[in-house]
Amino acid sequence: MTMNIQSIRVGVSSCGLAAGAADVMTKLSEKCSAPVMGVGCIGHCYAEPLVEVVTDEGSVMFGNVSAADKDIDAVLSLAEDRRFHMGRPRTGKLTRLIGRFEPTDIDAYEQHGGFTGLQKALAMDRHAVVEQVKASGLRGRGGGGFPTGVKWGLLAAQTAPSKVLICNADEGDPGAFMDRSLMESLPYQVLEGMFIAAHATGARRVFIYCRAEYPVAIRNLKVAIARIRERGFNVINGDELEVVIKEGAGAFVCGEETALIHSLEGKRGMPRFRPPFPTESGYFGEPSMISNVETFANIPLILQEGAQAFAAVGTPGGRGTKLFALAGDVPRPGLIEVPMGITLAEIIYDIGGAPKGSVKAVQTGGPSGGCIPASMFDTPVDYDSLISLGAIMGSGGLIVIGQNRCMVETARYFLDFTHRESCGKCTFCRVGSKRMFEALERITRGLGSETDVTFLEDMATKVINGSLCGLGRTAPNPVLATLRFFRDEFTAHVVHRQCPALECAALVDVSINKVTCTECGLCIKNCAVDAISADYIVDNRICTRCNSCIEACPVDAVSRIPGGTGFHSAKEVG
Amino acid sequence: MGQSVTFSIDGQTMIAEPGETILAVATRHGIVIPTLCHNQKVSKTTSCFVCVVKHAESGRWLPSCAALPQAGQHYDSSTDEVRNMRRAALDLLLSEHTGDCEAPCTIACPAHAKVEEYVREGRKGDFLEGLRIIKQRIPLPLSIGRVCPRFCEKDCRRNLWDLPVAINDFKRLAADLHYDTYMEECAPLIDRKVAIVGGGPAGLAAAYYLRREGGLSSHIFEMMPRLGGMLRYGIPEYRLPKAILDRELAHFDRMGGITSTCNVRLGKDISLDELKSKYDAVVVAIGCWKASPMRCEGEELAQDGIRWLRQIALDDATGDNPGRTIVIGGGNTAMDCVRTAVRLGSGNVACFYRRTEKEMPAEAIEIREAKEEGVRFEFLTAPSRLRRENGKLILTCIRMTLGEPDASGRRRPVPQEGSDFDVEADTVIAAIGQATDAPEGLKTNRWGDVDATKEELRMDERVFAAGDCVSGAATVVEAVAAGRKAALAILDQLAGRPHLEPPTINVSRGHWRSMSKDDVVLLKEVSSAPRLTLPHIPLEARRTTFGEVTGTASAESVIAEGARCFECSCTAKNTCTLKSHSEASGAKPGAVGGMKVIDPVDIRHPSIVHDRNKCIKCGICIKICDEVIGKSLLGYKKRGFVTVVGPAFGAVLPDSCGECMACVDECPVGALDRRFKN
């Protein structure tokens with residue numbers, strides 16, 4: 001059987017490029033006469049670089065392709081045994097165009113139905129557009145979940161001569177990359193959504209506030225803006241829109257709308273008290289509306305297919321689909337698009353491929369969210385159900401926490417991020433979250449007390465109540481959620497001086513099972529601090545709990561056991 | 001814009017003008033909401049969260065300095081929950097705030113005399129003003145200027161370099177110069193009278209503050225022939241001449257309203273019930289006049305040190321030559337005994353102490369001067385038996401070794417078996433401790449001291465107690481502090497107001513023993529001259545007469561000594577709103593623990609000190625410089641807990657800031673402040 005190769009698509013988003021897609025592309029171009037194009041990310045980040053070979057009989061996928069000749073030859077010969085099976089169908093509407101063409105190819109976007117939403121919108125009265133977005137039930141995808149149409153209405157009602165539209169592309173949650181993927185892979189769809197919003201709200205100045213760590217996204221957006229200008233698509237009701245990309249320096253707090261506006265204005269990114277809300281007084285006092293990348297990307301769909309069709313997917317509390325960055329202890333992490341209302345179990349077990357029983361919890365909403373224990377994975381994913389569990393939808397980070405993870409350490413880990421990212425303004429956020437972090441440090445180091453746990457509970461509520469912006473108001477969430485569902489782990493640490501998951505270095509020892517040990521010497525060779533004697537005894541006063549020996553042991557004879565009394569190095573760290 | 005809004009705070013209905021914040025309306029209605037970061041000169045900062053109120057309907061917390069009231073809504077500003085939230089904000093701010101509210105010397109002084117302030121007046125040569133400051137807390141400056149063990153100097157940061165500032169000599173000079181003409185402003189006399197039992201430091205101090213602060217008269221009942229207590233009958237003439245004490249007491253006569261009867265003893269000549277019936281209140285300040293027993297066989301053959309000193313004082317510093325003298329004990333009374341024995345003509349005086357010199361409770365200067373005067377010290381020596389043979393006293397002693405530390409932290413002396421030896425003496429004096437000689441019927445605690453509450457020094461409804469008889473034998477300065485405390489408690493009681501210790505907090509950079517020189521903040525050049533030395537009379541005169549050993553330092557040398565002071569206290573201690581709000585709300589340093597960021601204090605600017613360790617990141621300075629002055633020289637830097645405020649790139653503020661000072665004037669905590677104190 002021979003199939004003719006018509007074209008080859010290589011995923012060249014950041015994830016693909018990081019895995020070596022550029023070299024793969026070059027190699028494929030050298031060896032194949034069919035056109036080779038770089039396309040967006042289809043979400044299977046664990047299998048990058050991904051190559052899709054389009055033949056006259058359909059397309060074939062290859063994953064983990066390197067630039068080595070044997071891989072390239074396997075791709076070009078369509079080798080059966082190297083084919084990649086996604087394990088899940090692509091169903092999402094939002095990302096349906098990803099991977100089909102080069103992201104900056106404006107003709108291809110048009111051929112696939114691009115800009116029809118904009119054209120429809122421009123043909124409508126702007127207030128009718130607002131009503132349609134309201135009817136779609138779309139809620140802000142950045143985490144807040146504010147009804148998008150209502151926000152548009154607020155800005156549309158403003159009579160100021162100049163109004164501002166801002167796309168929040170700061171995406172600061174560690175491990176979240178939904179917006180980056182959209183901007184890299186579908187820049188026209190994002191921009192189209194913004195132009196529709198500009199028409200509907202009467203805004204004539206447009207900013208995209210994008211973190212500078214997203215060079216591919218910024219490049220693609222810049223190319224896309226230039227091509228749009230060539231075609232004149234940026235002329236809305238006779239007004240030419242200026243789209244300005246502002247590169248942010250990467251402060252987490254600049255994802256908060258008032259801090260973002262300060263940063264846009266050239267000031268330090270710090271939130272201010274609301275009201276006034278930005279729709280009344282935003283960028284240099286002008287009415288401004290801020291929406292997230294994913295929110296804008298959804299807009300063309302609503303206009304194209306109508307509000308009813310859009311709202312047909314999802315739950316009453318959340319319409320449409322949602323992108324999630326699935327990460328952590330799952331075999332198939334990556335970017336997924338799922339209908340609102342899907343259960344966590346479906347995401348984690350079916351899509352992520354995690355074996356049942358291997359997962360302890362999932363963290364939703366990144367460092368601002370909370371964990372949900374595996375026993376509650378039948379929870380449907382939408383804004384309100386997650387909040388009822390003390391978690392949040394957030395912008396779409398889903399971090400799967402395996403059975404081998406300590407929940408106290410998990411809380412400490414997230415608070416380590418948020419307390420450092422506090423802008424330093426509000427007392428409770430700046431100092432309170434620091435003091436909470438210190439208490440968690442003590443607990444994970446085996447130095448904590450029940451007073452620390454009480455303090456955490458008390459201060460968590462105060463930090464939430466006593467902070468201006470979302471950063472401080474959500475930073476304690478991981479702590480409260482772990483205290484709610486995994487209090488026994490806190491008790492184990494402070495009362496019994498034990499880490500049940502054997503993760504906290506100060507509460508474990510490393511031990512070699514003399515029965516199963518084959519005395520191969522790999523553990524001794526791999527130990528960086530010479531903590532293992534020639535007769536295979538670990539000196540736990542020297543051992544740093546780095547796990548090298550455990551990973552090196554071919555027969556699983558080395559393991560962590562409860563202990564840690566001799567572990568001094570971590571206790572001395574300030 | 002807008003309409004006025006009717007809403008309520010703590011159930012009180014109010015009307016806000018358009019644009020008026022909750023804080024503004026509350027303030028207009030006399031509701032006090034504390035705030036640190038609010039400043040009317042600049043746009044809202046909303047950073048400190050001390051001004052929070054709770055929106056009753058939604059349960060949301062709002063910074064009242066920025067939130068506008070909503071029509072028909074209710075806000076809580078005085079519930080326990082709101083107070084708790086405000087206190088938590090202050091606790092957190094204190095947990096990152098470092099500095100010295102008060103100088104360590106002032107904190108160390110049992111009477112909390114404003115040491116740094118009177119030293120500063122001394123440096124300026126204004127000893128009259130210095131005396132005025134001293135007398136706020138020290139009613140007996142002539143005496144204390146001579147006999148104080150100088151708690152202040154022990155905590156002086158100058159100890160890290162060389163020797164502490166000679167603080168007490170400022171007091172002595174100020175009093176010597178101006179005491180006879182100085183008179184403080186006293187409250188007008190009112191028709192209330194307090195009985196004071198005991199005319200020593202505690203009783204005198206109580207009389208002084210009753211008169212000064214409340215215009216109350218008092219009558220002192222003294223068991224001895226004259227007033228002064230231990231100042232007259234305990235401390236020997238060569239340390240505190242009686243003529244000086246008489247000058248001190250003359251001041252009390254000049255104040256008016258303070259009278260006394262001598263040679264009357266509580267429990268014998270007068271009764272507490274009688275005093276209670278005749279006076280508005282009673283202060284028991286009877287001191288510690290009973291010698292503690294040596295607990296050795298034949299101890300009745302020994303003189304009791306206090307009684308021996310008292311007799312010599314009664315005899316106007318005369319007495320028989322005690323011959324070969326052995327004094328048992330290591331405290332200040334023992335030193336008074338040995339040095340008095342020398343002055344009475346004995347050429348053979350020894351002090352026996354059961355531990356070593358290091359453990360001696362006596363002041364180092366006393367030990368040194370005793371040695372200079374020829375006193376011999378036998379350490380690790382304890383008496384075990386005293387007997388008289390052929391008219392001579394034979395003291396059997398035993399040698400000791402030091403064992404494990406006891407409850408006082410000092411190593412416990414343990415007898416060395418078989419090390420007994422005999423010493424012959426003409427006089428043996430026991431000076432190993434004193435106890436309260438409480439007359440029958442007076443309530444005492446398990447140590448035999450008068451039982452009084454800690455907060456008010458109250459014994460019962462109208463009886464208070466102060467001084468050694470409550471604390472056990474202590475110092476003059478502690479006694480006057482107690483006398484003042486009892487006086488203030490009485491004034492509150494008679495005025496019918498609750499007696500509340502004024503809540504004070506003190507943030508400290510630490511004790512000098514735990515600091516390095518780099519940790520000490522010096523805002524100016526400090527003199528590197530050695531500590532002043534007091535003139536001493538010749539050694540021969542010290543051995544043979546009761547003349548005062550040390551003279552008063554000259555004004556010149558004391559002024560020079562002032563330049564050695566580091567002036568440790570906070571430049572903003574009198575205006576700091578973090579301090580005042582914390583004190584009012586019960587927030588305390590240390591309530592929340594954790595790391596502090598310690599930055600070097602920036603004194604590169606000629607007239608402004610920038611101490612980031614005090615900064616609470618309220619942002620007022622940034623906004624003042626930007627919005628009011630239009631210079632925008634300051635900004636936030638870094639993120640999270642380590643956020644700091646300062647000029648960009650660590651630059652120094654320009655010299656021209658010295659003429660503006662707008663940020664300095666608005667800083668609530670003295671993080672930005674003038675470098676020099678007045």
# chains A, B, ... in the order shown; residues from 1 in each chain; ligands from 1
>>> residues_around(residues="region 516-525 of chain A", least_positions_apart="4", cutoff="6 Å", atoms="only C-alpha atoms", output="list in words")
Ile532, Cys549, Ala552 and Ala557 of chain A
>>> write_last_selection(atoms="all heavy atoms", output="short mmCIF file (atom, residue, chain, number, x, y, z; two decimals), in the first residue's frame")
data_model
loop_
_atom_site.label_atom_id
_atom_site.label_comp_id
_atom_site.auth_asym_id
_atom_site.auth_seq_id
_atom_site.Cartn_x
_atom_site.Cartn_y
_atom_site.Cartn_z
N ILE A 532 26.22 6.39 51.42
CA ILE A 532 25.98 4.95 51.47
C ILE A 532 27.32 4.24 51.63
O ILE A 532 28.25 4.45 50.86
CB ILE A 532 25.26 4.46 50.20
CG1 ILE A 532 24.00 5.31 49.96
CG2 ILE A 532 24.90 2.98 50.32
CD1 ILE A 532 23.25 4.99 48.69
N CYS A 549 19.61 7.47 44.60
CA CYS A 549 19.82 6.04 44.82
C CYS A 549 18.55 5.26 44.54
O CYS A 549 18.58 4.17 43.95
CB CYS A 549 20.31 5.80 46.25
SG CYS A 549 19.24 6.53 47.50
N ALA A 552 18.16 4.98 40.96
CA ALA A 552 19.20 4.18 40.33
C ALA A 552 19.01 2.68 40.58
O ALA A 552 19.44 1.86 39.78
CB ALA A 552 20.57 4.62 40.85
N ALA A 557 15.25 -1.82 45.74
CA ALA A 557 15.61 -2.19 47.11
C ALA A 557 15.77 -0.96 48.00
O ALA A 557 15.82 -1.07 49.22
CB ALA A 557 16.90 -3.01 47.11
#
>>> interface_residues(of="chain A", to="chain B", cutoff="9 Å", atoms="only C-alpha atoms", output="PyMOL selection string")
chain A and resi 251+268+272-275+418-435+438-439+459+462+465-468+574
>>> residues_around(residues="Asn332 (chain B)", least_positions_apart="4", cutoff="9 Å", atoms="only C-alpha atoms", output="ChimeraX atom specification")
/B:336-337,361-363,366-367,431
>>> write_last_selection(atoms="all heavy atoms", output="PDB file, in the first residue's frame")
ATOM      1  N   ASP B 336      28.861  47.898 101.988  1.00  0.00           N
ATOM      2  CA  ASP B 336      28.705  49.049 102.885  1.00  0.00           C
ATOM      3  C   ASP B 336      29.334  48.740 104.240  1.00  0.00           C
ATOM      4  O   ASP B 336      29.978  49.597 104.860  1.00  0.00           O
ATOM      5  CB  ASP B 336      27.214  49.387 103.061  1.00  0.00           C
ATOM      6  CG  ASP B 336      26.613  49.973 101.782  1.00  0.00           C
ATOM      7  OD1 ASP B 336      27.380  50.394 100.885  1.00  0.00           O
ATOM      8  OD2 ASP B 336      25.376  49.998 101.683  1.00  0.00           O
ATOM      9  N   CYS B 337      29.177  47.499 104.713  1.00  0.00           N
ATOM     10  CA  CYS B 337      29.721  47.127 106.015  1.00  0.00           C
ATOM     11  C   CYS B 337      31.246  47.114 106.002  1.00  0.00           C
ATOM     12  O   CYS B 337      31.891  47.661 106.900  1.00  0.00           O
ATOM     13  CB  CYS B 337      29.197  45.748 106.441  1.00  0.00           C
ATOM     14  SG  CYS B 337      27.439  45.740 106.850  1.00  0.00           S
ATOM     15  N   PRO B 361      26.439  39.697  94.079  1.00  0.00           N
ATOM     16  CA  PRO B 361      25.370  40.621  93.672  1.00  0.00           C
ATOM     17  C   PRO B 361      25.753  42.090  93.823  1.00  0.00           C
ATOM     18  O   PRO B 361      25.105  42.959  93.256  1.00  0.00           O
ATOM     19  CB  PRO B 361      24.204  40.279  94.599  1.00  0.00           C
ATOM     20  CG  PRO B 361      24.701  39.336  95.624  1.00  0.00           C
ATOM     21  CD  PRO B 361      26.103  38.926  95.292  1.00  0.00           C
ATOM     22  N   ALA B 362      26.816  42.366  94.565  1.00  0.00           N
ATOM     23  CA  ALA B 362      27.208  43.765  94.766  1.00  0.00           C
ATOM     24  C   ALA B 362      27.655  44.379  93.449  1.00  0.00           C
ATOM     25  O   ALA B 362      28.086  43.687  92.539  1.00  0.00           O
ATOM     26  CB  ALA B 362      28.335  43.853  95.783  1.00  0.00           C
ATOM     27  N   GLU B 363      27.528  45.699  93.362  1.00  0.00           N
ATOM     28  CA  GLU B 363      27.975  46.409  92.175  1.00  0.00           C
ATOM     29  C   GLU B 363      29.489  46.291  92.044  1.00  0.00           C
ATOM     30  O   GLU B 363      30.230  46.352  93.029  1.00  0.00           O
ATOM     31  CB  GLU B 363      27.591  47.890  92.284  1.00  0.00           C
ATOM     32  CG  GLU B 363      26.105  48.138  92.199  1.00  0.00           C
ATOM     33  CD  GLU B 363      25.490  47.538  90.949  1.00  0.00           C
ATOM     34  OE1 GLU B 363      26.008  47.785  89.847  1.00  0.00           O
ATOM     35  OE2 GLU B 363      24.492  46.798  91.089  1.00  0.00           O
ATOM     36  N   GLU B 366      31.555  48.954  93.685  1.00  0.00           N
ATOM     37  CA  GLU B 366      31.659  48.838  95.136  1.00  0.00           C
ATOM     38  C   GLU B 366      32.767  47.862  95.515  1.00  0.00           C
ATOM     39  O   GLU B 366      33.537  48.094  96.445  1.00  0.00           O
ATOM     40  CB  GLU B 366      30.328  48.352  95.726  1.00  0.00           C
ATOM     41  CG  GLU B 366      29.208  49.354  95.631  1.00  0.00           C
ATOM     42  CD  GLU B 366      29.435  50.538  96.560  1.00  0.00           C
ATOM     43  OE1 GLU B 366      29.804  50.318  97.730  1.00  0.00           O
ATOM     44  OE2 GLU B 366      29.284  51.677  96.098  1.00  0.00           O
ATOM     45  N   ILE B 367      32.817  46.750  94.794  1.00  0.00           N
ATOM     46  CA  ILE B 367      33.840  45.735  95.075  1.00  0.00           C
ATOM     47  C   ILE B 367      35.225  46.324  94.792  1.00  0.00           C
ATOM     48  O   ILE B 367      36.165  46.198  95.576  1.00  0.00           O
ATOM     49  CB  ILE B 367      33.601  44.483  94.201  1.00  0.00           C
ATOM     50  CG1 ILE B 367      32.211  43.902  94.477  1.00  0.00           C
ATOM     51  CG2 ILE B 367      34.683  43.435  94.438  1.00  0.00           C
ATOM     52  CD1 ILE B 367      31.755  42.856  93.473  1.00  0.00           C
ATOM     53  N   ALA B 431      25.713  39.961 106.596  1.00  0.00           N
ATOM     54  CA  ALA B 431      25.012  40.831 105.636  1.00  0.00           C
ATOM     55  C   ALA B 431      24.616  39.979 104.443  1.00  0.00           C
ATOM     56  O   ALA B 431      25.108  40.174 103.335  1.00  0.00           O
ATOM     57  CB  ALA B 431      25.909  41.997 105.221  1.00  0.00           C
TER      58      ALA B 431
END
>>> residues_around(residues="Thr491 (chain A)", least_positions_apart="2", cutoff="12 Å", atoms="only C-alpha atoms", output="compact mmCIF listing (two decimals) with C-alpha atoms, in the first residue's frame")
# COMPACT_ATOMS: atom_id res chain seq x y z
CA MET A 407 -0.56 17.69 50.58
CA VAL A 408 1.17 19.94 53.12
CA ILE A 443 5.45 21.91 59.33
CA THR A 444 7.10 20.30 56.31
CA GLY A 446 9.06 18.59 61.06
CA GLY A 448 5.60 22.59 63.19
CA SER A 449 3.08 22.54 66.00
CA GLU A 450 -0.67 22.50 66.28
CA THR A 451 -0.43 26.23 66.90
CA ASP A 452 0.93 26.57 63.38
CA VAL A 453 -2.11 24.77 61.99
CA THR A 454 -4.49 26.99 63.98
CA THR A 482 -5.80 20.99 51.90
CA LEU A 483 -6.80 21.69 55.49
CA PHE A 486 -6.39 16.44 54.09
CA ARG A 487 -6.24 17.65 57.66
CA ASP A 488 -5.00 14.24 58.74
CA GLU A 489 -1.80 14.89 56.83
CA HIS A 493 3.25 16.17 60.49
CA VAL A 494 2.76 18.20 63.64
CA VAL A 495 1.66 15.54 66.10
CA HIS A 496 3.33 12.36 64.92
CA ARG A 497 6.22 14.02 63.09
CA GLN A 498 5.48 11.91 60.05
CA CYS A 499 4.87 12.65 56.41
CA PRO A 500 2.38 9.99 55.27
>>> residues_around(residues="Glu478 (chain B)", least_positions_apart="6", cutoff="10 Å", atoms="only C-alpha atoms", output="number ranges by chain")
B: 109-111, 148, 201-202, 466-468, 471, 484
>>> closest_residue(among="B:Arg531, B:Val82, B:Ser58, B:Met14", to="Ile33 (chain B)", atoms="only C-alpha atoms")
B:Val82
>>> residues_around(residues="Val283 (chain B)", least_positions_apart="5", cutoff="10 Å", atoms="only C-alpha atoms", output="PDB file with C-alpha atoms, in the first residue's frame")
ATOM      1  CA  VAL B 194      -3.144  59.984 102.000  1.00  0.00           C
ATOM      2  CA  ALA B 195      -1.299  58.297 104.852  1.00  0.00           C
ATOM      3  CA  ILE B 196       2.096  56.947 103.930  1.00  0.00           C
ATOM      4  CA  VAL B 197       3.767  54.499 106.255  1.00  0.00           C
ATOM      5  CA  GLY B 198       7.505  54.735 105.762  1.00  0.00           C
ATOM      6  CA  ALA B 202       9.024  54.414  97.970  1.00  0.00           C
ATOM      7  CA  GLY B 203       7.006  56.436 100.461  1.00  0.00           C
ATOM      8  CA  ALA B 206       4.329  58.111  96.462  1.00  0.00           C
ATOM      9  CA  ALA B 207       3.946  61.414  98.318  1.00  0.00           C
ATOM     10  CA  SER B 218       0.001  63.221 102.380  1.00  0.00           C
ATOM     11  CA  ILE B 220       4.283  60.296 106.260  1.00  0.00           C
ATOM     12  CA  LEU B 272      -3.706  50.353 109.724  1.00  0.00           C
ATOM     13  CA  LEU B 275      -5.114  55.218 109.172  1.00  0.00           C
ATOM     14  CA  LEU B 457       0.118  47.517  94.120  1.00  0.00           C
ATOM     15  CA  ARG B 458      -3.167  47.240  95.970  1.00  0.00           C
ATOM     16  CA  MET B 459      -3.584  45.381  99.244  1.00  0.00           C
ATOM     17  CA  ARG B 462      -7.904  51.693 100.069  1.00  0.00           C
ATOM     18  CA  VAL B 463      -4.505  50.312 101.054  1.00  0.00           C
ATOM     19  CA  PHE B 464      -1.620  50.171  98.657  1.00  0.00           C
ATOM     20  CA  ALA B 465       1.974  49.086  99.161  1.00  0.00           C
ATOM     21  CA  ALA B 466       5.230  49.928  97.460  1.00  0.00           C
ATOM     22  CA  GLY B 483       5.931  54.578  94.783  1.00  0.00           C
ATOM     23  CA  ALA B 486       0.957  53.219  93.825  1.00  0.00           C
ATOM     24  CA  ALA B 487       0.364  56.979  93.680  1.00  0.00           C
ATOM     25  CA  ILE B 490      -4.625  55.922  94.147  1.00  0.00           C
TER      26      ILE B 490
END
>>> closest_residue(among="B:Val428, B:Ile107, B:Ala452, B:Leu128", to="Tyr182 (chain B)", atoms="only C-alpha atoms")
B:Leu128
>>> residues_around(residues="Ile306 (chain B)", least_positions_apart="2", cutoff="7 Å", atoms="only C-alpha atoms", output="list in words")
Gly234, Ala291, Asp304, Trp308, Leu309 and Arg310 of chain B
>>> select_by_dssp(residues="region 23-187 of chain A", states="helix (DSSP H, G or I)", output="count of residues only")
67
>>> select_by_dssp(residues="region 175-393 of chain A", states="strand (DSSP E or B)", output="ChimeraX atom specification")
/A:205-211,235-236,239-240,242-248,288-292,314-315,318-319,321-328,334-339,343,359-364,370-373,380
>>> atom_distance(atom1="CA of Leu210 (chain B)", atom2="CA of Val115 (chain B)")
23.0 Å
>>> closest_residue(among="A:Val206, A:Ala67, A:Val51, A:Ala345", to="Ser162 (chain A)", atoms="only C-alpha atoms")
A:Val206
>>> closest_residue(among="B:Ala364, B:Ala553, B:Ala473, B:Cys663", to="Lys631 (chain B)", atoms="only C-alpha atoms")
B:Cys663
>>> closest_residue(among="A:Ala411, A:Val65, A:Ile236, A:Ile351", to="Gly366 (chain A)", atoms="only C-alpha atoms")
A:Ala411
>>> atom_distance(atom1="CA of Gln363 (chain A)", atom2="CA of Val463 (chain A)")
20.1 Å
>>> atom_distance(atom1="CA of Leu97 (chain A)", atom2="CA of Ala309 (chain A)")
18.1 Å
>>> decode(residues="region 460-474 of chain B", atoms="N, CA, C and O atoms", output="mmCIF file, in the first residue's frame")
data_model
loop_
_atom_site.group_PDB
_atom_site.id
_atom_site.type_symbol
_atom_site.label_atom_id
_atom_site.label_comp_id
_atom_site.auth_asym_id
_atom_site.auth_seq_id
_atom_site.Cartn_x
_atom_site.Cartn_y
_atom_site.Cartn_z
ATOM 1 N N ASP B 460 -5.776 46.211 99.771
ATOM 2 C CA ASP B 460 -7.227 46.079 99.821
ATOM 3 C C ASP B 460 -7.839 47.357 99.289
ATOM 4 O O ASP B 460 -7.147 48.144 98.630
ATOM 5 N N GLU B 461 -9.063 47.594 99.563
ATOM 6 C CA GLU B 461 -9.781 48.649 98.868
ATOM 7 C C GLU B 461 -9.058 49.992 98.861
ATOM 8 O O GLU B 461 -8.961 50.662 97.848
ATOM 9 N N ARG B 462 -8.531 50.376 100.031
ATOM 10 C CA ARG B 462 -7.904 51.693 100.069
ATOM 11 C C ARG B 462 -6.458 51.635 100.556
ATOM 12 O O ARG B 462 -5.878 52.635 100.905
ATOM 13 N N VAL B 463 -5.891 50.441 100.595
ATOM 14 C CA VAL B 463 -4.505 50.312 101.054
ATOM 15 C C VAL B 463 -3.632 49.807 99.906
ATOM 16 O O VAL B 463 -3.951 48.819 99.254
ATOM 17 N N PHE B 464 -2.558 50.532 99.712
ATOM 18 C CA PHE B 464 -1.620 50.171 98.657
ATOM 19 C C PHE B 464 -0.254 49.958 99.306
ATOM 20 O O PHE B 464 -0.029 50.347 100.454
ATOM 21 N N ALA B 465 0.651 49.323 98.603
ATOM 22 C CA ALA B 465 1.974 49.086 99.161
ATOM 23 C C ALA B 465 3.013 49.262 98.077
ATOM 24 O O ALA B 465 2.745 49.030 96.902
ATOM 25 N N ALA B 466 4.203 49.679 98.459
ATOM 26 C CA ALA B 466 5.230 49.928 97.460
ATOM 27 C C ALA B 466 6.608 49.770 98.066
ATOM 28 O O ALA B 466 6.793 49.910 99.270
ATOM 29 N N GLY B 467 7.570 49.491 97.203
ATOM 30 C CA GLY B 467 8.960 49.476 97.609
ATOM 31 C C GLY B 467 9.441 48.110 98.040
ATOM 32 O O GLY B 467 8.837 47.080 97.741
ATOM 33 N N ASP B 468 10.534 48.129 98.798
ATOM 34 C CA ASP B 468 11.185 46.886 99.226
ATOM 35 C C ASP B 468 10.230 45.938 99.937
ATOM 36 O O ASP B 468 10.351 44.725 99.820
ATOM 37 N N CYS B 469 9.272 46.501 100.703
ATOM 38 C CA CYS B 469 8.407 45.631 101.488
ATOM 39 C C CYS B 469 7.513 44.773 100.597
ATOM 40 O O CYS B 469 6.990 43.754 101.035
ATOM 41 N N VAL B 470 7.360 45.173 99.317
ATOM 42 C CA VAL B 470 6.596 44.362 98.369
ATOM 43 C C VAL B 470 7.534 43.494 97.535
ATOM 44 O O VAL B 470 7.301 42.312 97.320
ATOM 45 N N SER B 471 8.628 44.112 97.081
ATOM 46 C CA SER B 471 9.495 43.441 96.111
ATOM 47 C C SER B 471 10.596 42.625 96.766
ATOM 48 O O SER B 471 11.238 41.814 96.119
ATOM 49 N N GLY B 472 10.821 42.837 98.063
ATOM 50 C CA GLY B 472 12.038 42.320 98.673
ATOM 51 C C GLY B 472 13.125 43.357 98.432
ATOM 52 O O GLY B 472 12.957 44.259 97.599
ATOM 53 N N ALA B 473 14.247 43.233 99.151
ATOM 54 C CA ALA B 473 15.268 44.275 99.083
ATOM 55 C C ALA B 473 15.690 44.520 97.646
ATOM 56 O O ALA B 473 16.084 43.607 96.932
ATOM 57 N N ALA B 474 15.559 45.765 97.212
ATOM 58 C CA ALA B 474 15.922 46.111 95.832
ATOM 59 C C ALA B 474 16.641 47.449 95.848
ATOM 60 O O ALA B 474 17.314 47.790 96.823
#
